[in-house]
Amino acid sequence: MADRVTVIGWDGSPLTDAARSALGAATLVAGAAHHLALPEVPPAAERIRLGSIDLAARRIAQHRGSAVVLADGDPGFFGVVRTLRGPEHGLEVEVVPAVSSVAAAFARAGMPWDDAQIVVAHSRDLRRAVNVCRAHPKVAVLTSPGAGPAELALLLGPVHRTFVICEELGTDREEVTVLTSDRAVDHVWRDPNVVIVIGGSGTPVRGGGWIAGRDPSAVRGWALPADAYAGRPGEGESTELRAAQLARLGPRVGDLVWDIGSGSGAAAVEAARFGAAVIAVDHDPEACHRTTAAARHHGVQLQVVQGAAPQVLEDLPEPDVVRVGGGGAPVVAACADRRPERIVAHAATRDDAEAIGRALAEGGYTVECTLLQAVELDTAAWTERERAVAFLLSGRRTHP
């Protein structure tokens, strides 16, 4: 194992005394091409061009001498330190940090970033980063080849945002461009870059928050009563049914939720409050207006699409989980064809429940059904005020 392993962050500014000292004593230096070209790299040192960090870590573990790994920005922030310290390599490292590329990007934009979501985008899972951009008003995206500004914009589609694109931060080719997301697809962007994605109707942090990223909602709890959404639930629906539906869906940050038959917007808004991206669908323009108003009132952002399911679903991006609030078995079958992880629906009669259950099973889902009965009581007289009965059906995808 190397006698000493030092990870040095580089943000384009002159190296610190500690960094120069470690680099001057190095017998092995690993980094990108522009790192290895730095004049402080000893001419006699073995040089490793960083491609696979795992391969470099194995070579460093076998080295006898002092090893230095050069990385852009702060190497402990979505950087090489995590891999080098992994149990499969067993390397103990010293870290000389620099300003992270995210901090530098927000500094160039003149914006605070303690209220921003930070995501890493790879081509294999770019959609999750896009979903965060759909759901949150301020997101910094650390891009990679094949998952850059143009690809982000294409997947965002009709959801318009402002992009602040910071290319080659810390170099003499640094460039900062501000444009709308729909125009980002018309350019070729240089790597590496950071994209700050801002916009939407989410509630910004005012006066400084107390936790980085996303402030918890000011409203405690979820499955709020119907009057919190200025609308009445549909037939057979209740607050308790909505709670059970959300519990089975488990919406989370990075997910895209379809809420089909959004009605008052209650389920869509509460899925968004969990941090998920949401597309709320309803054929009724008044329901769409109610959902938009509810989202604005509760400080979350979601996309509202007016149209009749299942036809309107064809052009929507792939969902992770789906709530079917109306349309019955035909809509459930159409959703199953898109292979989300989970689908929930409800029915007022056993015949309808059986039809939905068959649609889920034939679509490759494990089906559960529960008969829910909620009775609201008048606590002054302890008498029944309202009763709601519904079959809750949930499907869990059996195979990818």
# chains A, B, ... in the order shown; residues from 1 in each chain; ligands from 1
$ residues_around --residues "Leu126 in chain A" --least-positions-apart "2" --cutoff "12 Å" --atoms "only C-alpha atoms" --output "PyMOL selection string"
chain A and resi 119-124+128-133+141-156+254-255
$ write_last_selection --atoms "N, CA and C atoms" --output "PDB file, in the first residue's frame"
ATOM      1  N   VAL A 119     -27.907  17.306  -7.354  1.00  0.00           N
ATOM      2  CA  VAL A 119     -28.015  15.963  -7.923  1.00  0.00           C
ATOM      3  C   VAL A 119     -26.879  15.730  -8.904  1.00  0.00           C
ATOM      4  N   VAL A 120     -26.523  14.463  -9.047  1.00  0.00           N
ATOM      5  CA  VAL A 120     -25.542  14.042 -10.043  1.00  0.00           C
ATOM      6  C   VAL A 120     -26.292  13.333 -11.158  1.00  0.00           C
ATOM      7  N   ALA A 121     -26.020  13.726 -12.397  1.00  0.00           N
ATOM      8  CA  ALA A 121     -26.731  13.158 -13.543  1.00  0.00           C
ATOM      9  C   ALA A 121     -25.801  12.256 -14.337  1.00  0.00           C
ATOM     10  N   HIS A 122     -26.233  11.011 -14.532  1.00  0.00           N
ATOM     11  CA  HIS A 122     -25.557  10.069 -15.425  1.00  0.00           C
ATOM     12  C   HIS A 122     -26.561   9.655 -16.493  1.00  0.00           C
ATOM     13  N   SER A 123     -26.068   9.240 -17.628  1.00  0.00           N
ATOM     14  CA  SER A 123     -26.971   8.880 -18.722  1.00  0.00           C
ATOM     15  C   SER A 123     -27.881   7.722 -18.352  1.00  0.00           C
ATOM     16  N   ARG A 124     -27.420   6.821 -17.464  1.00  0.00           N
ATOM     17  CA  ARG A 124     -28.224   5.649 -17.128  1.00  0.00           C
ATOM     18  C   ARG A 124     -29.419   5.979 -16.236  1.00  0.00           C
ATOM     19  N   ARG A 128     -34.083  10.556 -13.153  1.00  0.00           N
ATOM     20  CA  ARG A 128     -34.260  10.862 -11.743  1.00  0.00           C
ATOM     21  C   ARG A 128     -33.815  12.303 -11.444  1.00  0.00           C
ATOM     22  N   ALA A 129     -32.702  12.718 -12.064  1.00  0.00           N
ATOM     23  CA  ALA A 129     -32.267  14.104 -11.906  1.00  0.00           C
ATOM     24  C   ALA A 129     -33.298  15.053 -12.504  1.00  0.00           C
ATOM     25  N   VAL A 130     -33.867  14.679 -13.650  1.00  0.00           N
ATOM     26  CA  VAL A 130     -34.895  15.507 -14.284  1.00  0.00           C
ATOM     27  C   VAL A 130     -36.118  15.623 -13.378  1.00  0.00           C
ATOM     28  N   ASN A 131     -36.496  14.530 -12.726  1.00  0.00           N
ATOM     29  CA  ASN A 131     -37.653  14.574 -11.831  1.00  0.00           C
ATOM     30  C   ASN A 131     -37.431  15.526 -10.660  1.00  0.00           C
ATOM     31  N   VAL A 132     -36.200  15.587 -10.167  1.00  0.00           N
ATOM     32  CA  VAL A 132     -35.902  16.549  -9.099  1.00  0.00           C
ATOM     33  C   VAL A 132     -36.054  17.970  -9.630  1.00  0.00           C
ATOM     34  N   CYS A 133     -35.615  18.202 -10.874  1.00  0.00           N
ATOM     35  CA  CYS A 133     -35.767  19.530 -11.477  1.00  0.00           C
ATOM     36  C   CYS A 133     -37.232  19.875 -11.696  1.00  0.00           C
ATOM     37  N   VAL A 141     -27.264  20.646 -10.979  1.00  0.00           N
ATOM     38  CA  VAL A 141     -27.048  19.335 -11.601  1.00  0.00           C
ATOM     39  C   VAL A 141     -25.585  19.224 -12.007  1.00  0.00           C
ATOM     40  N   LEU A 142     -24.887  18.266 -11.410  1.00  0.00           N
ATOM     41  CA  LEU A 142     -23.527  17.925 -11.829  1.00  0.00           C
ATOM     42  C   LEU A 142     -23.661  16.963 -13.000  1.00  0.00           C
ATOM     43  N   THR A 143     -23.333  17.410 -14.184  1.00  0.00           N
ATOM     44  CA  THR A 143     -23.609  16.648 -15.390  1.00  0.00           C
ATOM     45  C   THR A 143     -22.463  15.696 -15.721  1.00  0.00           C
ATOM     46  N   SER A 144     -22.685  14.883 -16.742  1.00  0.00           N
ATOM     47  CA  SER A 144     -21.667  13.970 -17.259  1.00  0.00           C
ATOM     48  C   SER A 144     -21.924  13.810 -18.751  1.00  0.00           C
ATOM     49  N   PRO A 145     -20.964  13.253 -19.496  1.00  0.00           N
ATOM     50  CA  PRO A 145     -21.194  13.063 -20.932  1.00  0.00           C
ATOM     51  C   PRO A 145     -22.461  12.247 -21.190  1.00  0.00           C
ATOM     52  N   GLY A 146     -23.300  12.735 -22.081  1.00  0.00           N
ATOM     53  CA  GLY A 146     -24.570  12.070 -22.367  1.00  0.00           C
ATOM     54  C   GLY A 146     -25.683  12.431 -21.410  1.00  0.00           C
ATOM     55  N   ALA A 147     -25.367  13.232 -20.413  1.00  0.00           N
ATOM     56  CA  ALA A 147     -26.370  13.682 -19.432  1.00  0.00           C
ATOM     57  C   ALA A 147     -26.085  15.138 -19.101  1.00  0.00           C
ATOM     58  N   GLY A 148     -26.100  15.968 -20.133  1.00  0.00           N
ATOM     59  CA  GLY A 148     -25.776  17.371 -19.975  1.00  0.00           C
ATOM     60  C   GLY A 148     -26.981  18.271 -20.127  1.00  0.00           C
ATOM     61  N   PRO A 149     -26.741  19.570 -20.341  1.00  0.00           N
ATOM     62  CA  PRO A 149     -27.854  20.531 -20.425  1.00  0.00           C
ATOM     63  C   PRO A 149     -28.868  20.203 -21.511  1.00  0.00           C
ATOM     64  N   ALA A 150     -28.403  19.781 -22.688  1.00  0.00           N
ATOM     65  CA  ALA A 150     -29.344  19.486 -23.771  1.00  0.00           C
ATOM     66  C   ALA A 150     -30.243  18.308 -23.418  1.00  0.00           C
ATOM     67  N   GLU A 151     -29.663  17.263 -22.838  1.00  0.00           N
ATOM     68  CA  GLU A 151     -30.452  16.092 -22.467  1.00  0.00           C
ATOM     69  C   GLU A 151     -31.438  16.411 -21.337  1.00  0.00           C
ATOM     70  N   LEU A 152     -30.994  17.230 -20.377  1.00  0.00           N
ATOM     71  CA  LEU A 152     -31.902  17.675 -19.318  1.00  0.00           C
ATOM     72  C   LEU A 152     -33.114  18.395 -19.909  1.00  0.00           C
ATOM     73  N   ALA A 153     -32.846  19.309 -20.833  1.00  0.00           N
ATOM     74  CA  ALA A 153     -33.921  20.094 -21.427  1.00  0.00           C
ATOM     75  C   ALA A 153     -34.881  19.217 -22.217  1.00  0.00           C
ATOM     76  N   LEU A 154     -34.347  18.246 -22.955  1.00  0.00           N
ATOM     77  CA  LEU A 154     -35.209  17.368 -23.755  1.00  0.00           C
ATOM     78  C   LEU A 154     -36.163  16.579 -22.868  1.00  0.00           C
ATOM     79  N   LEU A 155     -35.659  16.067 -21.748  1.00  0.00           N
ATOM     80  CA  LEU A 155     -36.508  15.275 -20.872  1.00  0.00           C
ATOM     81  C   LEU A 155     -37.486  16.148 -20.072  1.00  0.00           C
ATOM     82  N   LEU A 156     -37.138  17.390 -19.817  1.00  0.00           N
ATOM     83  CA  LEU A 156     -38.075  18.283 -19.140  1.00  0.00           C
ATOM     84  C   LEU A 156     -39.271  18.604 -20.034  1.00  0.00           C
ATOM     85  N   GLY A 254     -36.989  12.183  -6.577  1.00  0.00           N
ATOM     86  CA  GLY A 254     -36.481  11.493  -7.762  1.00  0.00           C
ATOM     87  C   GLY A 254     -37.533  10.698  -8.497  1.00  0.00           C
ATOM     88  N   ASP A 255     -38.699  10.481  -7.873  1.00  0.00           N
ATOM     89  CA  ASP A 255     -39.804   9.760  -8.518  1.00  0.00           C
ATOM     90  C   ASP A 255     -40.622  10.702  -9.384  1.00  0.00           C
TER      91      ASP A 255
END
$ select_by_dssp --residues "range 124-177 of chain A" --states "alpha helix (DSSP H)" --output "JSON, numbers by chain"
{"A": [126, 127, 128, 129, 130, 131, 132, 133, 134, 135, 149, 150, 151, 152, 153, 154, 155, 156]}
$ atom_distance --atom1 "CA of Ala336 in chain A" --atom2 "CA of Gln306 in chain A"
20.7 Å
$ residues_around --residues "Val304 in chain A" --least-positions-apart "5" --cutoff "10 Å" --atoms "only C-alpha atoms" --output "list in words"
Asp259, Ser262, Gly265, Ala268, Val278, Ile279, Ala280, Val281, Asp282, Ala287, Cys288, His289, Thr291, Thr292 and Ala295 of chain A
$ write_last_selection --atoms "N, CA and C atoms" --output "tab-separated table (two decimals), in the first residue's frame"
chain	number	residue	atom	x	y	z
A	259	ASP	N	-50.92	11.18	-11.20
A	259	ASP	CA	-52.17	11.17	-10.45
A	259	ASP	C	-53.28	11.36	-11.47
A	262	SER	N	-57.27	13.75	-10.87
A	262	SER	CA	-56.72	14.44	-9.70
A	262	SER	C	-57.79	15.09	-8.83
A	265	GLY	N	-57.06	17.76	-6.25
A	265	GLY	CA	-55.61	17.95	-6.23
A	265	GLY	C	-54.95	17.50	-4.95
A	268	ALA	N	-52.27	14.67	-5.44
A	268	ALA	CA	-51.14	15.19	-6.21
A	268	ALA	C	-50.28	16.11	-5.36
A	278	VAL	N	-44.66	15.38	-9.91
A	278	VAL	CA	-46.03	14.92	-10.08
A	278	VAL	C	-46.62	15.48	-11.38
A	279	ILE	N	-47.28	14.60	-12.12
A	279	ILE	CA	-48.12	15.03	-13.23
A	279	ILE	C	-49.55	14.67	-12.86
A	280	ALA	N	-50.39	15.70	-12.71
A	280	ALA	CA	-51.79	15.51	-12.35
A	280	ALA	C	-52.63	15.59	-13.62
A	281	VAL	N	-53.45	14.57	-13.84
A	281	VAL	CA	-54.25	14.47	-15.07
A	281	VAL	C	-55.73	14.47	-14.70
A	282	ASP	N	-56.52	15.26	-15.42
A	282	ASP	CA	-57.96	15.22	-15.25
A	282	ASP	C	-58.61	15.76	-16.52
A	287	ALA	N	-61.38	20.79	-12.39
A	287	ALA	CA	-60.49	20.00	-11.53
A	287	ALA	C	-59.04	20.40	-11.74
A	288	CYS	N	-58.67	20.66	-12.97
A	288	CYS	CA	-57.31	21.10	-13.26
A	288	CYS	C	-57.02	22.44	-12.59
A	289	HIS	N	-57.99	23.35	-12.64
A	289	HIS	CA	-57.81	24.65	-11.97
A	289	HIS	C	-57.68	24.46	-10.46
A	291	THR	N	-56.57	21.84	-8.86
A	291	THR	CA	-55.27	21.23	-8.56
A	291	THR	C	-54.16	22.26	-8.64
A	292	THR	N	-54.20	23.11	-9.66
A	292	THR	CA	-53.19	24.17	-9.78
A	292	THR	C	-53.24	25.11	-8.59
A	295	ALA	N	-51.83	23.42	-5.45
A	295	ALA	CA	-50.36	23.36	-5.48
A	295	ALA	C	-49.75	24.71	-5.12
$ select_by_dssp --residues "range 72-231 of chain A" --states "strand (DSSP E or B)" --output "PyMOL selection string"
chain A and resi 72+94-96+117-120+138-142+144+147+162-167+175-180+193-198
$ residues_around --residues "Ala277 in chain A" --least-positions-apart "4" --cutoff "10 Å" --atoms "only C-alpha atoms" --output "JSON, numbers by chain"
{"A": [128, 130, 131, 132, 133, 134, 135, 136, 251, 252, 253, 254, 255, 256, 257, 258, 268, 269, 271, 272, 273, 300, 301, 302, 303, 319, 320]}
$ residues_around --residues "Pro330 in chain A" --least-positions-apart "5" --cutoff "9 Å" --atoms "only C-alpha atoms" --output "list in words"
Ala309, Pro310, Cys335, Ile356 and Ala359 of chain A
$ residues_around --residues "range 177-179 of chain A" --least-positions-apart "2" --cutoff "10 Å" --atoms "only C-alpha atoms" --output "ChimeraX atom specification"
/A:109,161-167,175,181-184,195-196
$ write_last_selection --atoms "N, CA, C and O atoms" --output "mmCIF file, in the first residue's frame"
data_model
loop_
_atom_site.group_PDB
_atom_site.id
_atom_site.type_symbol
_atom_site.label_atom_id
_atom_site.label_comp_id
_atom_site.auth_asym_id
_atom_site.auth_seq_id
_atom_site.Cartn_x
_atom_site.Cartn_y
_atom_site.Cartn_z
ATOM 1 N N ALA A 109 -23.192 32.829 -10.426
ATOM 2 C CA ALA A 109 -24.558 33.294 -10.651
ATOM 3 C C ALA A 109 -24.983 34.343 -9.635
ATOM 4 O O ALA A 109 -26.042 34.969 -9.795
ATOM 5 N N ARG A 161 -37.906 25.830 -17.516
ATOM 6 C CA ARG A 161 -37.068 26.308 -16.437
ATOM 7 C C ARG A 161 -36.012 27.257 -17.008
ATOM 8 O O ARG A 161 -35.788 27.288 -18.221
ATOM 9 N N THR A 162 -35.353 27.995 -16.122
ATOM 10 C CA THR A 162 -34.193 28.788 -16.510
ATOM 11 C C THR A 162 -32.936 28.002 -16.178
ATOM 12 O O THR A 162 -32.802 27.476 -15.070
ATOM 13 N N PHE A 163 -32.034 27.904 -17.145
ATOM 14 C CA PHE A 163 -30.758 27.203 -16.965
ATOM 15 C C PHE A 163 -29.641 28.229 -16.814
ATOM 16 O O PHE A 163 -29.527 29.157 -17.627
ATOM 17 N N VAL A 164 -28.817 28.058 -15.785
ATOM 18 C CA VAL A 164 -27.548 28.769 -15.680
ATOM 19 C C VAL A 164 -26.475 27.710 -15.884
ATOM 20 O O VAL A 164 -26.258 26.854 -15.017
ATOM 21 N N ILE A 165 -25.818 27.737 -17.030
ATOM 22 C CA ILE A 165 -24.897 26.675 -17.421
ATOM 23 C C ILE A 165 -23.472 27.188 -17.264
ATOM 24 O O ILE A 165 -23.074 28.179 -17.893
ATOM 25 N N CYS A 166 -22.716 26.525 -16.407
ATOM 26 C CA CYS A 166 -21.342 26.929 -16.097
ATOM 27 C C CYS A 166 -20.394 25.887 -16.676
ATOM 28 O O CYS A 166 -20.308 24.766 -16.176
ATOM 29 N N GLU A 167 -19.670 26.279 -17.720
ATOM 30 C CA GLU A 167 -18.774 25.359 -18.412
ATOM 31 C C GLU A 167 -17.329 25.574 -17.971
ATOM 32 O O GLU A 167 -16.874 26.706 -17.825
ATOM 33 N N GLU A 175 -17.044 29.634 -18.968
ATOM 34 C CA GLU A 175 -18.113 30.420 -19.570
ATOM 35 C C GLU A 175 -19.420 30.149 -18.831
ATOM 36 O O GLU A 175 -19.720 28.998 -18.506
ATOM 37 N N SER A 181 -34.769 26.720 -20.768
ATOM 38 C CA SER A 181 -34.452 25.312 -21.014
ATOM 39 C C SER A 181 -34.753 24.885 -22.446
ATOM 40 O O SER A 181 -34.053 24.032 -22.999
ATOM 41 N N ASP A 182 -35.790 25.468 -23.058
ATOM 42 C CA ASP A 182 -36.127 25.047 -24.415
ATOM 43 C C ASP A 182 -35.060 25.431 -25.426
ATOM 44 O O ASP A 182 -34.977 24.843 -26.511
ATOM 45 N N ARG A 183 -34.194 26.384 -25.086
ATOM 46 C CA ARG A 183 -33.117 26.781 -25.995
ATOM 47 C C ARG A 183 -31.826 26.013 -25.765
ATOM 48 O O ARG A 183 -30.907 26.085 -26.578
ATOM 49 N N ALA A 184 -31.755 25.281 -24.658
ATOM 50 C CA ALA A 184 -30.517 24.558 -24.346
ATOM 51 C C ALA A 184 -30.235 23.439 -25.338
ATOM 52 O O ALA A 184 -29.080 23.041 -25.533
ATOM 53 N N VAL A 195 -25.131 22.707 -14.166
ATOM 54 C CA VAL A 195 -26.337 23.411 -14.586
ATOM 55 C C VAL A 195 -27.157 23.759 -13.349
ATOM 56 O O VAL A 195 -27.530 22.863 -12.578
ATOM 57 N N ILE A 196 -27.404 25.049 -13.156
ATOM 58 C CA ILE A 196 -28.339 25.487 -12.119
ATOM 59 C C ILE A 196 -29.701 25.621 -12.790
ATOM 60 O O ILE A 196 -29.856 26.362 -13.763
#
$ atom_distance --atom1 "CA of Leu313 in chain A" --atom2 "CA of Asp284 in chain A"
15.2 Å
$ closest_residue --among "A:Val305, A:Ala347, A:Leu28, A:Val321" --to "Pro158 in chain A" --atoms "only C-alpha atoms"
A:Val305
$ residues_around --residues "range 17-25 of chain A" --least-positions-apart "3" --cutoff "7 Å" --atoms "only C-alpha atoms" --output "list in words"
Thr6, Ile8, Glu40, Val41, Pro42, Ser66, Val68 and Val96 of chain A
$ decode --residues "range 321-332 of chain A" --atoms "all heavy atoms" --output "JSON list (two decimals), in the first residue's frame"
[["chain", "number", "residue", "atom", "x", "y", "z"],
["A", 321, "VAL", "N", -44.54, 5.63, -10.04],
["A", 321, "VAL", "CA", -45.73, 5.13, -9.36],
["A", 321, "VAL", "C", -46.93, 5.88, -9.89],
["A", 321, "VAL", "O", -46.81, 7.02, -10.36],
["A", 321, "VAL", "CB", -45.63, 5.28, -7.82],
["A", 321, "VAL", "CG1", -44.51, 4.42, -7.25],
["A", 321, "VAL", "CG2", -45.43, 6.74, -7.42],
["A", 322, "VAL", "N", -48.10, 5.22, -9.81],
["A", 322, "VAL", "CA", -49.31, 5.79, -10.41],
["A", 322, "VAL", "C", -50.48, 5.64, -9.44],
["A", 322, "VAL", "O", -50.69, 4.55, -8.88],
["A", 322, "VAL", "CB", -49.67, 5.10, -11.74],
["A", 322, "VAL", "CG1", -50.99, 5.63, -12.29],
["A", 322, "VAL", "CG2", -48.55, 5.30, -12.76],
["A", 323, "ARG", "N", -51.23, 6.71, -9.26],
["A", 323, "ARG", "CA", -52.52, 6.66, -8.57],
["A", 323, "ARG", "C", -53.61, 6.86, -9.61],
["A", 323, "ARG", "O", -53.61, 7.86, -10.33],
["A", 323, "ARG", "CB", -52.62, 7.74, -7.50],
["A", 323, "ARG", "CG", -54.02, 7.84, -6.87],
["A", 323, "ARG", "CD", -54.14, 9.06, -5.99],
["A", 323, "ARG", "NE", -55.51, 9.24, -5.51],
["A", 323, "ARG", "CZ", -56.45, 9.94, -6.14],
["A", 323, "ARG", "NH1", -56.19, 10.54, -7.30],
["A", 323, "ARG", "NH2", -57.66, 10.06, -5.63],
["A", 324, "VAL", "N", -54.52, 5.92, -9.69],
["A", 324, "VAL", "CA", -55.65, 6.02, -10.61],
["A", 324, "VAL", "C", -56.88, 6.39, -9.79],
["A", 324, "VAL", "O", -57.42, 5.57, -9.05],
["A", 324, "VAL", "CB", -55.88, 4.70, -11.37],
["A", 324, "VAL", "CG1", -57.09, 4.83, -12.30],
["A", 324, "VAL", "CG2", -54.64, 4.33, -12.18],
["A", 325, "GLY", "N", -57.30, 7.65, -9.93],
["A", 325, "GLY", "CA", -58.45, 8.12, -9.19],
["A", 325, "GLY", "C", -59.74, 8.01, -9.97],
["A", 325, "GLY", "O", -60.82, 8.26, -9.43],
["A", 326, "GLY", "N", -59.66, 7.64, -11.24],
["A", 326, "GLY", "CA", -60.85, 7.50, -12.06],
["A", 326, "GLY", "C", -60.50, 6.82, -13.37],
["A", 326, "GLY", "O", -59.35, 6.83, -13.81],
["A", 327, "GLY", "N", -61.51, 6.19, -13.98],
["A", 327, "GLY", "CA", -61.28, 5.53, -15.26],
["A", 327, "GLY", "C", -61.34, 4.03, -15.20],
["A", 327, "GLY", "O", -61.46, 3.36, -16.23],
["A", 328, "GLY", "N", -61.21, 3.46, -14.00],
["A", 328, "GLY", "CA", -61.39, 2.02, -13.83],
["A", 328, "GLY", "C", -60.34, 1.17, -14.51],
["A", 328, "GLY", "O", -59.21, 1.59, -14.77],
["A", 329, "ALA", "N", -60.77, -0.07, -14.84],
["A", 329, "ALA", "CA", -59.85, -1.08, -15.35],
["A", 329, "ALA", "C", -59.14, -0.67, -16.64],
["A", 329, "ALA", "O", -57.94, -0.95, -16.80],
["A", 329, "ALA", "CB", -60.59, -2.40, -15.53],
["A", 330, "PRO", "N", -59.81, -0.04, -17.62],
["A", 330, "PRO", "CA", -59.09, 0.35, -18.84],
["A", 330, "PRO", "C", -57.90, 1.27, -18.59],
["A", 330, "PRO", "O", -56.84, 1.12, -19.20],
["A", 330, "PRO", "CB", -60.17, 1.03, -19.68],
["A", 330, "PRO", "CG", -61.46, 0.47, -19.20],
["A", 330, "PRO", "CD", -61.26, 0.25, -17.73],
["A", 331, "VAL", "N", -58.07, 2.23, -17.68],
["A", 331, "VAL", "CA", -56.96, 3.13, -17.37],
["A", 331, "VAL", "C", -55.87, 2.40, -16.60],
["A", 331, "VAL", "O", -54.68, 2.60, -16.85],
["A", 331, "VAL", "CB", -57.48, 4.35, -16.57],
["A", 331, "VAL", "CG1", -56.32, 5.21, -16.08],
["A", 331, "VAL", "CG2", -58.42, 5.18, -17.42],
["A", 332, "VAL", "N", -56.26, 1.54, -15.69],
["A", 332, "VAL", "CA", -55.28, 0.75, -14.94],
["A", 332, "VAL", "C", -54.46, -0.11, -15.91],
["A", 332, "VAL", "O", -53.23, -0.21, -15.80],
["A", 332, "VAL", "CB", -55.97, -0.12, -13.88],
["A", 332, "VAL", "CG1", -54.99, -1.14, -13.30],
["A", 332, "VAL", "CG2", -56.55, 0.75, -12.77]]
